[in-house]
Each structure stands twice: as structure tokens, then as C-alpha cells.
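Trainee: This one is data-v2.txt, compact mmCIF, N, CA and C atoms.
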```txt
# COMPACT_ATOMS: atom_id res chain seq x y z
N MET K 167 3.31 7.19 -41.78
CA MET K 167 3.72 7.31 -40.39
C MET K 167 2.47 7.36 -39.51
N PRO K 168 2.38 6.51 -38.48
CA PRO K 168 1.23 6.57 -37.57
C PRO K 168 1.30 7.81 -36.68
N VAL K 169 0.17 8.09 -36.02
CA VAL K 169 0.12 9.23 -35.10
C VAL K 169 1.14 9.01 -33.98
N ASN K 170 1.89 10.03 -33.69
CA ASN K 170 2.93 9.97 -32.67
C ASN K 170 2.31 9.91 -31.28
N PRO K 171 2.48 8.80 -30.55
CA PRO K 171 1.90 8.71 -29.21
C PRO K 171 2.53 9.68 -28.22
N ASP K 172 3.71 10.21 -28.54
CA ASP K 172 4.37 11.18 -27.65
C ASP K 172 3.68 12.54 -27.64
N LEU K 173 2.66 12.71 -28.49
CA LEU K 173 1.88 13.95 -28.47
C LEU K 173 1.06 14.08 -27.18
N THR K 174 0.75 12.95 -26.57
CA THR K 174 -0.07 12.97 -25.36
C THR K 174 0.57 13.85 -24.30
N GLU K 175 -0.24 14.76 -23.78
CA GLU K 175 0.13 15.72 -22.75
C GLU K 175 1.06 16.81 -23.26
N ARG K 176 1.24 16.91 -24.58
CA ARG K 176 2.04 18.01 -25.13
C ARG K 176 1.18 19.27 -25.13
N ALA K 177 1.75 20.35 -24.68
CA ALA K 177 1.09 21.66 -24.74
C ALA K 177 1.74 22.45 -25.86
N PHE K 178 0.92 23.07 -26.67
CA PHE K 178 1.40 23.88 -27.78
C PHE K 178 1.46 25.34 -27.36
N GLU K 179 2.09 26.16 -28.19
CA GLU K 179 2.21 27.59 -27.91
C GLU K 179 0.83 28.26 -27.89
N LYS K 180 0.69 29.27 -27.05
CA LYS K 180 -0.52 30.10 -27.07
C LYS K 180 -0.63 30.77 -28.42
N THR K 181 -1.87 30.92 -28.89
CA THR K 181 -2.09 31.62 -30.14
C THR K 181 -1.87 33.12 -29.95
N SER K 182 -1.69 33.80 -31.04
CA SER K 182 -1.67 35.27 -31.01
C SER K 182 -3.06 35.74 -30.60
N PRO K 183 -3.17 36.92 -29.98
CA PRO K 183 -4.48 37.42 -29.60
C PRO K 183 -5.42 37.55 -30.80
N TYR K 184 -6.66 37.13 -30.59
CA TYR K 184 -7.71 37.20 -31.60
C TYR K 184 -8.76 38.19 -31.10
N LEU K 185 -8.96 39.26 -31.85
CA LEU K 185 -9.96 40.26 -31.49
C LEU K 185 -11.29 39.86 -32.09
N VAL K 186 -12.27 39.61 -31.24
CA VAL K 186 -13.59 39.18 -31.70
C VAL K 186 -14.33 40.39 -32.25
N GLY K 187 -14.62 40.35 -33.54
CA GLY K 187 -15.31 41.46 -34.20
C GLY K 187 -16.81 41.30 -34.19
N ARG K 188 -17.50 42.42 -34.10
CA ARG K 188 -18.97 42.42 -34.09
C ARG K 188 -19.54 41.77 -35.35
N GLU K 189 -18.99 42.13 -36.49
CA GLU K 189 -19.52 41.56 -37.74
C GLU K 189 -19.20 40.07 -37.86
N LYS K 190 -18.06 39.64 -37.33
CA LYS K 190 -17.74 38.21 -37.32
C LYS K 190 -18.76 37.44 -36.49
N VAL K 191 -19.14 38.01 -35.35
CA VAL K 191 -20.15 37.37 -34.51
C VAL K 191 -21.47 37.28 -35.27
N ARG K 192 -21.86 38.35 -35.92
CA ARG K 192 -23.12 38.34 -36.68
C ARG K 192 -23.06 37.34 -37.83
N GLU K 193 -21.94 37.31 -38.56
CA GLU K 193 -21.79 36.36 -39.67
C GLU K 193 -21.88 34.92 -39.17
N PHE K 194 -21.16 34.63 -38.10
CA PHE K 194 -21.17 33.28 -37.54
C PHE K 194 -22.58 32.93 -37.07
N SER K 195 -23.25 33.89 -36.43
CA SER K 195 -24.61 33.67 -35.94
C SER K 195 -25.55 33.31 -37.08
N ARG K 196 -25.43 34.03 -38.19
CA ARG K 196 -26.27 33.69 -39.35
C ARG K 196 -25.92 32.30 -39.88
N ALA K 197 -24.64 31.97 -39.92
CA ALA K 197 -24.20 30.69 -40.47
C ALA K 197 -24.72 29.50 -39.66
N VAL K 198 -24.87 29.67 -38.35
CA VAL K 198 -25.35 28.57 -37.50
C VAL K 198 -26.84 28.71 -37.16
N PHE K 199 -27.51 29.64 -37.85
CA PHE K 199 -28.94 29.86 -37.67
C PHE K 199 -29.31 30.25 -36.24
N ALA K 200 -28.46 31.03 -35.60
CA ALA K 200 -28.77 31.55 -34.26
C ALA K 200 -29.98 32.48 -34.37
N SER K 201 -30.80 32.48 -33.36
CA SER K 201 -32.02 33.29 -33.44
C SER K 201 -32.16 34.32 -32.32
N SER K 202 -31.22 34.32 -31.38
CA SER K 202 -31.32 35.26 -30.27
C SER K 202 -30.95 36.66 -30.71
N PRO K 203 -31.74 37.65 -30.32
CA PRO K 203 -31.40 39.04 -30.66
C PRO K 203 -30.03 39.47 -30.13
N VAL K 204 -29.55 38.88 -29.03
CA VAL K 204 -28.25 39.28 -28.48
C VAL K 204 -27.10 38.91 -29.40
N ASN K 205 -27.34 38.01 -30.35
CA ASN K 205 -26.31 37.63 -31.32
C ASN K 205 -26.17 38.65 -32.45
N PHE K 206 -27.14 39.56 -32.58
CA PHE K 206 -27.16 40.48 -33.71
C PHE K 206 -27.25 41.96 -33.31
N SER K 207 -27.94 42.23 -32.24
CA SER K 207 -28.26 43.60 -31.86
C SER K 207 -27.47 44.05 -30.63
N VAL K 208 -26.73 45.14 -30.78
CA VAL K 208 -26.00 45.71 -29.64
C VAL K 208 -26.98 46.12 -28.56
N GLU K 209 -28.10 46.71 -28.97
CA GLU K 209 -29.10 47.15 -27.99
C GLU K 209 -29.66 45.98 -27.19
N ALA K 210 -29.98 44.88 -27.88
CA ALA K 210 -30.50 43.70 -27.18
C ALA K 210 -29.43 43.13 -26.24
N ALA K 211 -28.19 43.14 -26.68
CA ALA K 211 -27.10 42.65 -25.84
C ALA K 211 -26.96 43.53 -24.59
N HIS K 212 -27.02 44.85 -24.78
CA HIS K 212 -26.93 45.77 -23.63
C HIS K 212 -28.08 45.53 -22.66
N GLU K 213 -29.29 45.37 -23.19
CA GLU K 213 -30.46 45.12 -22.34
C GLU K 213 -30.31 43.84 -21.54
N ALA K 214 -29.58 42.85 -22.11
CA ALA K 214 -29.36 41.58 -21.43
C ALA K 214 -28.13 41.61 -20.51
N GLY K 215 -27.45 42.79 -20.46
CA GLY K 215 -26.33 42.93 -19.55
C GLY K 215 -24.95 42.66 -20.14
N PHE K 216 -24.86 42.59 -21.48
CA PHE K 216 -23.58 42.34 -22.14
C PHE K 216 -23.02 43.62 -22.73
N ALA K 217 -21.71 43.67 -22.87
CA ALA K 217 -21.05 44.87 -23.41
C ALA K 217 -21.26 45.03 -24.91
N ASP K 218 -21.51 43.93 -25.62
CA ASP K 218 -21.67 43.97 -27.08
C ASP K 218 -22.38 42.70 -27.50
N VAL K 219 -22.49 42.48 -28.81
CA VAL K 219 -23.19 41.29 -29.29
C VAL K 219 -22.49 40.04 -28.77
N VAL K 220 -23.29 39.01 -28.51
CA VAL K 220 -22.82 37.77 -27.89
C VAL K 220 -22.67 36.69 -28.96
N ALA K 221 -21.53 36.04 -28.96
CA ALA K 221 -21.29 34.96 -29.91
C ALA K 221 -22.06 33.71 -29.51
N PRO K 222 -22.57 32.95 -30.49
CA PRO K 222 -23.19 31.66 -30.15
C PRO K 222 -22.14 30.74 -29.52
N PRO K 223 -22.57 29.76 -28.73
CA PRO K 223 -21.61 28.89 -28.04
C PRO K 223 -20.59 28.22 -28.95
N SER K 224 -20.98 27.84 -30.15
CA SER K 224 -20.05 27.14 -31.03
C SER K 224 -19.00 28.07 -31.65
N PHE K 225 -19.08 29.38 -31.42
CA PHE K 225 -18.10 30.32 -31.95
C PHE K 225 -16.69 29.99 -31.46
N ALA K 226 -16.58 29.34 -30.32
CA ALA K 226 -15.27 29.00 -29.77
C ALA K 226 -14.46 28.12 -30.71
N ILE K 227 -15.12 27.47 -31.66
CA ILE K 227 -14.40 26.63 -32.63
C ILE K 227 -13.45 27.49 -33.47
N VAL K 228 -13.77 28.76 -33.64
CA VAL K 228 -12.89 29.67 -34.40
C VAL K 228 -11.53 29.74 -33.71
N LEU K 229 -11.53 29.88 -32.39
CA LEU K 229 -10.28 29.91 -31.62
C LEU K 229 -9.63 28.55 -31.59
N GLN K 230 -10.44 27.51 -31.41
CA GLN K 230 -9.85 26.18 -31.33
C GLN K 230 -9.21 25.78 -32.65
N GLN K 231 -9.78 26.18 -33.76
CA GLN K 231 -9.20 25.81 -35.05
C GLN K 231 -7.76 26.33 -35.17
N LEU K 232 -7.50 27.50 -34.62
CA LEU K 232 -6.13 28.03 -34.64
C LEU K 232 -5.17 27.09 -33.92
N THR K 233 -5.63 26.47 -32.84
CA THR K 233 -4.77 25.55 -32.10
C THR K 233 -4.69 24.19 -32.80
N LEU K 234 -5.79 23.74 -33.37
CA LEU K 234 -5.77 22.46 -34.09
C LEU K 234 -4.86 22.53 -35.30
N ASP K 235 -4.76 23.71 -35.91
CA ASP K 235 -3.82 23.89 -37.03
C ASP K 235 -2.38 23.63 -36.57
N GLN K 236 -2.06 24.04 -35.34
CA GLN K 236 -0.73 23.78 -34.79
C GLN K 236 -0.49 22.27 -34.66
N LEU K 237 -1.49 21.57 -34.14
CA LEU K 237 -1.37 20.13 -33.94
C LEU K 237 -1.20 19.41 -35.27
N ILE K 238 -2.08 19.68 -36.19
CA ILE K 238 -2.04 18.99 -37.48
C ILE K 238 -0.77 19.34 -38.25
N GLY K 239 -0.28 20.56 -38.07
CA GLY K 239 0.92 21.00 -38.77
C GLY K 239 2.23 20.59 -38.13
N ALA K 240 2.18 20.03 -36.92
CA ALA K 240 3.41 19.62 -36.24
C ALA K 240 4.10 18.53 -37.05
N GLU K 241 5.37 18.76 -37.38
CA GLU K 241 6.11 17.83 -38.23
C GLU K 241 6.19 16.42 -37.66
N ASP K 242 6.26 16.31 -36.36
CA ASP K 242 6.40 14.99 -35.75
C ASP K 242 5.07 14.36 -35.34
N ALA K 243 3.95 14.98 -35.71
CA ALA K 243 2.64 14.49 -35.28
C ALA K 243 2.23 13.19 -35.95
N GLY K 244 2.61 13.02 -37.20
CA GLY K 244 2.17 11.83 -37.92
C GLY K 244 0.71 11.90 -38.34
N ILE K 245 0.19 13.12 -38.48
CA ILE K 245 -1.22 13.31 -38.85
C ILE K 245 -1.29 13.75 -40.30
N GLU K 246 -1.95 12.95 -41.11
CA GLU K 246 -2.19 13.29 -42.51
C GLU K 246 -3.59 13.90 -42.59
N LEU K 247 -3.66 15.19 -42.94
CA LEU K 247 -4.92 15.92 -42.92
C LEU K 247 -6.02 15.22 -43.71
N THR K 248 -5.68 14.60 -44.82
CA THR K 248 -6.70 13.94 -45.64
C THR K 248 -7.29 12.71 -44.95
N HIS K 249 -6.70 12.28 -43.84
CA HIS K 249 -7.20 11.13 -43.09
C HIS K 249 -7.94 11.53 -41.81
N VAL K 250 -8.13 12.83 -41.59
CA VAL K 250 -8.73 13.32 -40.35
C VAL K 250 -10.24 13.51 -40.51
N VAL K 251 -10.97 12.98 -39.53
CA VAL K 251 -12.42 13.17 -39.43
C VAL K 251 -12.70 13.71 -38.03
N HIS K 252 -13.58 14.70 -37.96
CA HIS K 252 -13.93 15.28 -36.65
C HIS K 252 -14.93 14.35 -35.98
N GLY K 253 -14.55 13.81 -34.83
CA GLY K 253 -15.39 12.83 -34.16
C GLY K 253 -16.35 13.39 -33.13
N ALA K 254 -15.92 14.37 -32.35
CA ALA K 254 -16.77 14.91 -31.28
C ALA K 254 -16.29 16.31 -30.91
N GLN K 255 -17.21 17.09 -30.31
CA GLN K 255 -16.90 18.46 -29.90
C GLN K 255 -17.66 18.79 -28.63
N GLN K 256 -17.01 19.52 -27.72
CA GLN K 256 -17.65 19.94 -26.48
C GLN K 256 -17.08 21.29 -26.07
N PHE K 257 -17.94 22.15 -25.50
CA PHE K 257 -17.51 23.45 -25.00
C PHE K 257 -17.94 23.59 -23.55
N THR K 258 -17.05 24.09 -22.71
CA THR K 258 -17.37 24.37 -21.32
C THR K 258 -17.02 25.83 -21.06
N TYR K 259 -18.06 26.64 -20.82
CA TYR K 259 -17.90 28.09 -20.71
C TYR K 259 -17.86 28.56 -19.26
N THR K 260 -17.01 29.57 -19.01
CA THR K 260 -17.05 30.33 -17.78
C THR K 260 -17.95 31.55 -17.99
N ARG K 261 -17.84 32.13 -19.20
CA ARG K 261 -18.71 33.25 -19.58
C ARG K 261 -18.80 33.27 -21.10
N PRO K 262 -19.83 33.94 -21.64
CA PRO K 262 -19.96 34.00 -23.09
C PRO K 262 -18.85 34.84 -23.74
N ILE K 263 -18.60 34.57 -25.00
CA ILE K 263 -17.71 35.40 -25.82
C ILE K 263 -18.54 36.55 -26.36
N VAL K 264 -18.02 37.77 -26.25
CA VAL K 264 -18.72 38.94 -26.81
C VAL K 264 -17.78 39.70 -27.73
N ALA K 265 -18.38 40.43 -28.66
CA ALA K 265 -17.58 41.27 -29.55
C ALA K 265 -16.74 42.22 -28.70
N GLY K 266 -15.50 42.39 -29.12
CA GLY K 266 -14.56 43.22 -28.37
C GLY K 266 -13.61 42.42 -27.51
N ASP K 267 -13.94 41.16 -27.25
CA ASP K 267 -13.02 40.31 -26.49
C ASP K 267 -11.73 40.12 -27.28
N GLU K 268 -10.62 40.11 -26.59
CA GLU K 268 -9.34 39.76 -27.18
C GLU K 268 -8.92 38.46 -26.50
N LEU K 269 -8.85 37.38 -27.29
CA LEU K 269 -8.71 36.04 -26.74
C LEU K 269 -7.46 35.33 -27.27
N THR K 270 -6.89 34.50 -26.42
CA THR K 270 -5.83 33.59 -26.83
C THR K 270 -6.28 32.18 -26.49
N ALA K 271 -5.69 31.21 -27.17
CA ALA K 271 -6.03 29.82 -26.92
C ALA K 271 -4.74 29.00 -26.86
N GLN K 272 -4.77 27.96 -26.03
CA GLN K 272 -3.63 27.06 -25.94
C GLN K 272 -4.15 25.64 -25.92
N LEU K 273 -3.57 24.82 -26.80
CA LEU K 273 -4.00 23.44 -26.96
C LEU K 273 -3.06 22.49 -26.22
N SER K 274 -3.67 21.49 -25.63
CA SER K 274 -2.90 20.36 -25.11
C SER K 274 -3.60 19.09 -25.57
N VAL K 275 -2.81 18.08 -25.88
CA VAL K 275 -3.35 16.79 -26.29
C VAL K 275 -3.55 16.00 -25.01
N THR K 276 -4.79 15.59 -24.74
CA THR K 276 -5.07 14.92 -23.47
C THR K 276 -5.05 13.40 -23.59
N SER K 277 -5.31 12.88 -24.80
CA SER K 277 -5.21 11.43 -24.96
C SER K 277 -5.12 11.06 -26.44
N ILE K 278 -4.50 9.92 -26.66
CA ILE K 278 -4.47 9.29 -27.99
C ILE K 278 -4.78 7.82 -27.77
N LYS K 279 -5.79 7.34 -28.47
CA LYS K 279 -6.18 5.93 -28.38
C LYS K 279 -6.15 5.35 -29.78
N THR K 280 -5.76 4.10 -29.88
CA THR K 280 -5.77 3.41 -31.16
C THR K 280 -6.89 2.39 -31.13
N LEU K 281 -7.69 2.39 -32.20
CA LEU K 281 -8.82 1.47 -32.29
C LEU K 281 -8.97 1.04 -33.74
N GLY K 282 -8.78 -0.23 -33.99
CA GLY K 282 -8.98 -0.76 -35.33
C GLY K 282 -8.10 -0.11 -36.39
N GLY K 283 -6.88 0.24 -36.03
CA GLY K 283 -5.97 0.87 -36.98
C GLY K 283 -6.15 2.37 -37.11
N ASN K 284 -7.12 2.91 -36.41
CA ASN K 284 -7.36 4.36 -36.41
C ASN K 284 -6.89 4.94 -35.09
N ALA K 285 -6.51 6.21 -35.12
CA ALA K 285 -6.12 6.90 -33.89
C ALA K 285 -7.21 7.91 -33.53
N MET K 286 -7.53 7.98 -32.26
CA MET K 286 -8.48 8.96 -31.75
C MET K 286 -7.71 9.91 -30.83
N ILE K 287 -7.62 11.17 -31.27
CA ILE K 287 -6.86 12.18 -30.53
C ILE K 287 -7.85 13.11 -29.84
N THR K 288 -7.72 13.25 -28.54
CA THR K 288 -8.54 14.21 -27.81
C THR K 288 -7.66 15.41 -27.50
N ALA K 289 -8.09 16.57 -27.97
CA ALA K 289 -7.33 17.82 -27.82
C ALA K 289 -8.20 18.84 -27.11
N GLU K 290 -7.60 19.49 -26.13
CA GLU K 290 -8.31 20.48 -25.31
C GLU K 290 -7.68 21.85 -25.52
N SER K 291 -8.50 22.82 -25.87
CA SER K 291 -8.03 24.19 -26.08
C SER K 291 -8.64 25.09 -25.03
N ALA K 292 -7.79 25.65 -24.18
CA ALA K 292 -8.24 26.59 -23.15
C ALA K 292 -8.15 28.00 -23.72
N VAL K 293 -9.27 28.72 -23.66
CA VAL K 293 -9.35 30.08 -24.20
C VAL K 293 -9.46 31.06 -23.04
N HIS K 294 -8.57 32.07 -23.07
CA HIS K 294 -8.54 33.09 -22.03
C HIS K 294 -8.63 34.48 -22.64
N ASP K 295 -9.14 35.42 -21.84
CA ASP K 295 -9.20 36.80 -22.32
C ASP K 295 -7.88 37.50 -22.04
N ILE K 296 -7.80 38.76 -22.41
CA ILE K 296 -6.57 39.53 -22.32
C ILE K 296 -6.09 39.69 -20.87
N ARG K 297 -7.02 39.57 -19.92
CA ARG K 297 -6.67 39.66 -18.50
C ARG K 297 -6.20 38.30 -17.95
N GLY K 298 -6.22 37.27 -18.82
CA GLY K 298 -5.82 35.93 -18.39
C GLY K 298 -6.93 35.13 -17.75
N GLU K 299 -8.15 35.65 -17.81
CA GLU K 299 -9.28 34.95 -17.21
C GLU K 299 -9.87 33.94 -18.19
N HIS K 300 -10.21 32.76 -17.68
CA HIS K 300 -10.77 31.69 -18.50
C HIS K 300 -12.12 32.10 -19.07
N VAL K 301 -12.31 31.80 -20.34
CA VAL K 301 -13.59 32.07 -21.00
C VAL K 301 -14.27 30.75 -21.36
N VAL K 302 -13.54 29.87 -22.05
CA VAL K 302 -14.13 28.61 -22.51
C VAL K 302 -13.02 27.59 -22.73
N THR K 303 -13.37 26.34 -22.54
CA THR K 303 -12.49 25.25 -22.94
C THR K 303 -13.22 24.46 -24.01
N ALA K 304 -12.54 24.26 -25.14
CA ALA K 304 -13.10 23.50 -26.26
C ALA K 304 -12.36 22.17 -26.33
N VAL K 305 -13.11 21.08 -26.37
CA VAL K 305 -12.51 19.75 -26.45
C VAL K 305 -12.98 19.09 -27.74
N SER K 306 -12.02 18.67 -28.55
CA SER K 306 -12.31 17.98 -29.81
C SER K 306 -11.72 16.59 -29.79
N THR K 307 -12.43 15.67 -30.40
CA THR K 307 -11.88 14.36 -30.67
C THR K 307 -11.73 14.25 -32.18
N LEU K 308 -10.49 14.02 -32.61
CA LEU K 308 -10.20 13.84 -34.03
C LEU K 308 -9.92 12.37 -34.27
N VAL K 309 -10.51 11.84 -35.32
CA VAL K 309 -10.23 10.47 -35.71
C VAL K 309 -9.30 10.52 -36.91
N VAL K 310 -8.15 9.90 -36.78
CA VAL K 310 -7.19 9.84 -37.87
C VAL K 310 -7.23 8.42 -38.42
N ARG K 311 -7.78 8.30 -39.62
CA ARG K 311 -7.92 6.96 -40.23
C ARG K 311 -6.54 6.40 -40.55
N GLY K 312 -6.37 5.12 -40.27
CA GLY K 312 -5.13 4.43 -40.60
C GLY K 312 -5.03 4.21 -42.10
N ASP K 313 -3.85 3.83 -42.55
CA ASP K 313 -3.67 3.54 -43.98
C ASP K 313 -4.50 2.34 -44.38
N ALA K 314 -5.08 2.43 -45.57
CA ALA K 314 -5.93 1.34 -46.05
C ALA K 314 -5.10 0.17 -46.53
```
Go ahead and render the structure in this file as C-alpha cells.

Mentor:
Amino acid sequence: MPVNPDLTERAFEKTSPYLVGREKVREFSRAVFASSPVNFSVEAAHEAGFADVVAPPSFAIVLQQLTLDQLIGAEDAGIELTHVVHGAQQFTYTRPIVAGDELTAQLSVTSIKTLGGNAMITAESAVHDIRGEHVVTAVSTLVVRGDA
């Protein structure tokens, strides 16, 4: 089954709240070779004006993955996970993510293009804090390879 073109402009359910943990931020920071003291030290984060350790910019993928799971798992999507390749990623921040944030994300499919038998899906995940204020928007382009 090819990718369902009716996914375009579909908005998925908001995710359950995700509590950003201090150790998760530190683990992620080590995994991406972050070097800023604010990613590891509460004291350094406080000195820089933050409430707690600051997540590296790519940490937003943790929230976006929760929304992409909804997309890939949608029964009518026509997306076979074994045919998916991550094509591009972009983050647009209003403010950094810090430990202690409680965040939700909501995905919408902004476009689907077909090229050479492959589908390119652009999905945008808006991440908000518990007060409903925007934190970051993560945009992914997924390439779904057509049948060989």
C-alpha cells in the first residue's frame, strides 16, 4: 500500500506530558558529545540564568519521536517502517528545554510528495510546556521507499 496522501494536513493527538529529567538531559548530552557546562551542571545552568540543566538543541527529537510513532503506527498511513529513511531534521526554538519542563507535542503532516516511486513526508511537531507556551517546533522529512 502506498503512503496515504490524505495524511496531508492531518493533526494527531497531543502526546501525554513528558517530564524532562535531569539525568536524561545529561545522558543525551553525553550521547551527542555536548560540551557546554550548562548541559551537565546545575550550578553552571543557574549562573547562566536557567532553572536547571539545559538540554542540547537536538533533545527535542525525544518529543518528536513520540509523535512520529503515532504517524508510522496509523493504520491508514500506508507507511512500512522497514522502508523509512530519515531525510532531514530542523528545530525552531522559542526557548531552551530544561530539566523539570513538562512538555507535550502534537504532530501535523504538512506535505507529502512523490518522487521516483518514493514518498517524502514532512511532519511538524509543535512542543509546548505545561502552561501551553511554545518551546520548540521540530520538522522532519521522512523518505518512504517505494516497493522494489

Trainee: Mind pulling up the distance from atom CA of Pro222 of chain K to atom C of Thr270 of chain K?

Mentor: 17.3 Å

Trainee: To one decimal place, how far is atom CA of Glu299 of chain K from atom CA of Gln272 of chain K in Å?

Mentor: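 Going from atom CA of Glu299 of chain K over to atom CA of Gln272 of chain K, I get 13.1 Å.
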
Trainee: If you run DSSP over the backbone, which residues in chain K end up strand (DSSP E or B)? Put them as an MDAnalysis selection string.

Mentor: chainID K and resid 177 184:185 220 250:259 264 268:281 284:295 300:310

Trainee: So which residues fall inside 6 Å of (-12.1, 15.3, -28.4) if we count all atoms listed in the file? Mind giving them as a list in words?

Mentor: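 Final list of nearby residues, as requested, is Ala254, Gln255, Ile287, Thr288, Ala289, Val305, Ser306, Thr307 and Leu308 of chain K.
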
Trainee: Among segment 193-286 of chain K, which ones does DSSP assign to helix (DSSP H, G or I) (computed from the backbone)? Answer as a VMD selection string.

Mentor: chain K and resid 193 to 197 203 to 205 208 to 213 223 to 239 247 to 249

Trainee: Counting all atoms listed in the file, what is within 6.5 Å of Tyr259 of chain K, bar same-chain residues fewer than 6 positions away, as a PyMOL selection string?

Mentor: chain K and resi 301-303

Trainee: Give me the residues near Val219 of chain K as a PyMOL selection string, where near means some atom within 12 Å (using only C-alpha atoms) and where sequence neighbours in that chain fewer than 3 positions away do not count.

Mentor: chain K and resi 186-195+202-216+222+262-267

Trainee: Just give me the gap between atom CA of Pro183 of chain K and atom CA of Gly298 of chain K in Å, one decimal is fine.

Mentor: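 Interatomic distance, atom CA of Pro183 of chain K to atom CA of Gly298 of chain K: 11.4 Å.
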
Trainee: Write out as a list in words which residues come within 6 Å of segment 223-236 of chain K when counting all atoms listed in the file, dropping same-chain ones fewer than 4 positions away.

Mentor: Ala240, Leu273 and Ser291 of chain K

Trainee: With distances taken over all atoms listed in the file, which of K:Val198, K:Met286, K:Leu237, K:Ile278 is nearest to Pro171 of chain K?

Mentor: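 Among the listed residues, the smallest separation from Pro171 of chain K belongs to K:Ile278.
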
Trainee: K:Val310, K:Ile245, K:Ala292, K:Val275: which is nearest Leu173 of chain K, counting all atoms listed in the file?

Mentor: K:Val275

Trainee: How would segment 210-217 of chain K look with all heavy atoms restored, written as a tab-separated table (two decimals), in the coordinates of the input?

Mentor:
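selection-v1.tsv written:
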```tsv
chain	number	residue	atom	x	y	z
K	210	ALA	N	-29.98	44.88	-27.88
K	210	ALA	CA	-30.50	43.70	-27.18
K	210	ALA	C	-29.43	43.13	-26.24
K	210	ALA	O	-29.75	42.70	-25.13
K	210	ALA	CB	-30.94	42.64	-28.18
K	211	ALA	N	-28.19	43.14	-26.68
K	211	ALA	CA	-27.10	42.65	-25.84
K	211	ALA	C	-26.96	43.53	-24.59
K	211	ALA	O	-26.82	43.01	-23.48
K	211	ALA	CB	-25.79	42.61	-26.63
K	212	HIS	N	-27.02	44.85	-24.78
K	212	HIS	CA	-26.93	45.77	-23.63
K	212	HIS	C	-28.08	45.53	-22.66
K	212	HIS	O	-27.87	45.48	-21.44
K	212	HIS	CB	-26.94	47.22	-24.09
K	212	HIS	CG	-25.65	47.66	-24.72
K	212	HIS	ND1	-25.52	48.85	-25.39
K	212	HIS	CD2	-24.43	47.07	-24.78
K	212	HIS	CE1	-24.28	48.97	-25.83
K	212	HIS	NE2	-23.60	47.90	-25.48
K	213	GLU	N	-29.29	45.37	-23.19
K	213	GLU	CA	-30.46	45.12	-22.34
K	213	GLU	C	-30.31	43.84	-21.54
K	213	GLU	O	-30.83	43.73	-20.43
K	213	GLU	CB	-31.74	45.07	-23.18
K	213	GLU	CG	-32.17	46.42	-23.70
K	213	GLU	CD	-33.35	46.34	-24.66
K	213	GLU	OE1	-33.98	45.26	-24.76
K	213	GLU	OE2	-33.63	47.35	-25.33
K	214	ALA	N	-29.58	42.85	-22.11
K	214	ALA	CA	-29.36	41.58	-21.43
K	214	ALA	C	-28.13	41.61	-20.51
K	214	ALA	O	-27.78	40.61	-19.89
K	214	ALA	CB	-29.21	40.46	-22.46
K	215	GLY	N	-27.45	42.79	-20.46
K	215	GLY	CA	-26.33	42.93	-19.55
K	215	GLY	C	-24.95	42.66	-20.14
K	215	GLY	O	-23.97	42.54	-19.41
K	216	PHE	N	-24.86	42.59	-21.48
K	216	PHE	CA	-23.58	42.34	-22.14
K	216	PHE	C	-23.02	43.62	-22.73
K	216	PHE	O	-23.77	44.53	-23.10
K	216	PHE	CB	-23.75	41.28	-23.23
K	216	PHE	CG	-24.18	39.95	-22.71
K	216	PHE	CD1	-25.51	39.54	-22.83
K	216	PHE	CD2	-23.29	39.11	-22.07
K	216	PHE	CE1	-25.93	38.32	-22.34
K	216	PHE	CE2	-23.69	37.89	-21.58
K	216	PHE	CZ	-25.01	37.48	-21.70
K	217	ALA	N	-21.71	43.67	-22.87
K	217	ALA	CA	-21.05	44.87	-23.41
K	217	ALA	C	-21.26	45.03	-24.91
K	217	ALA	O	-21.20	46.15	-25.43
K	217	ALA	CB	-19.55	44.80	-23.12
```
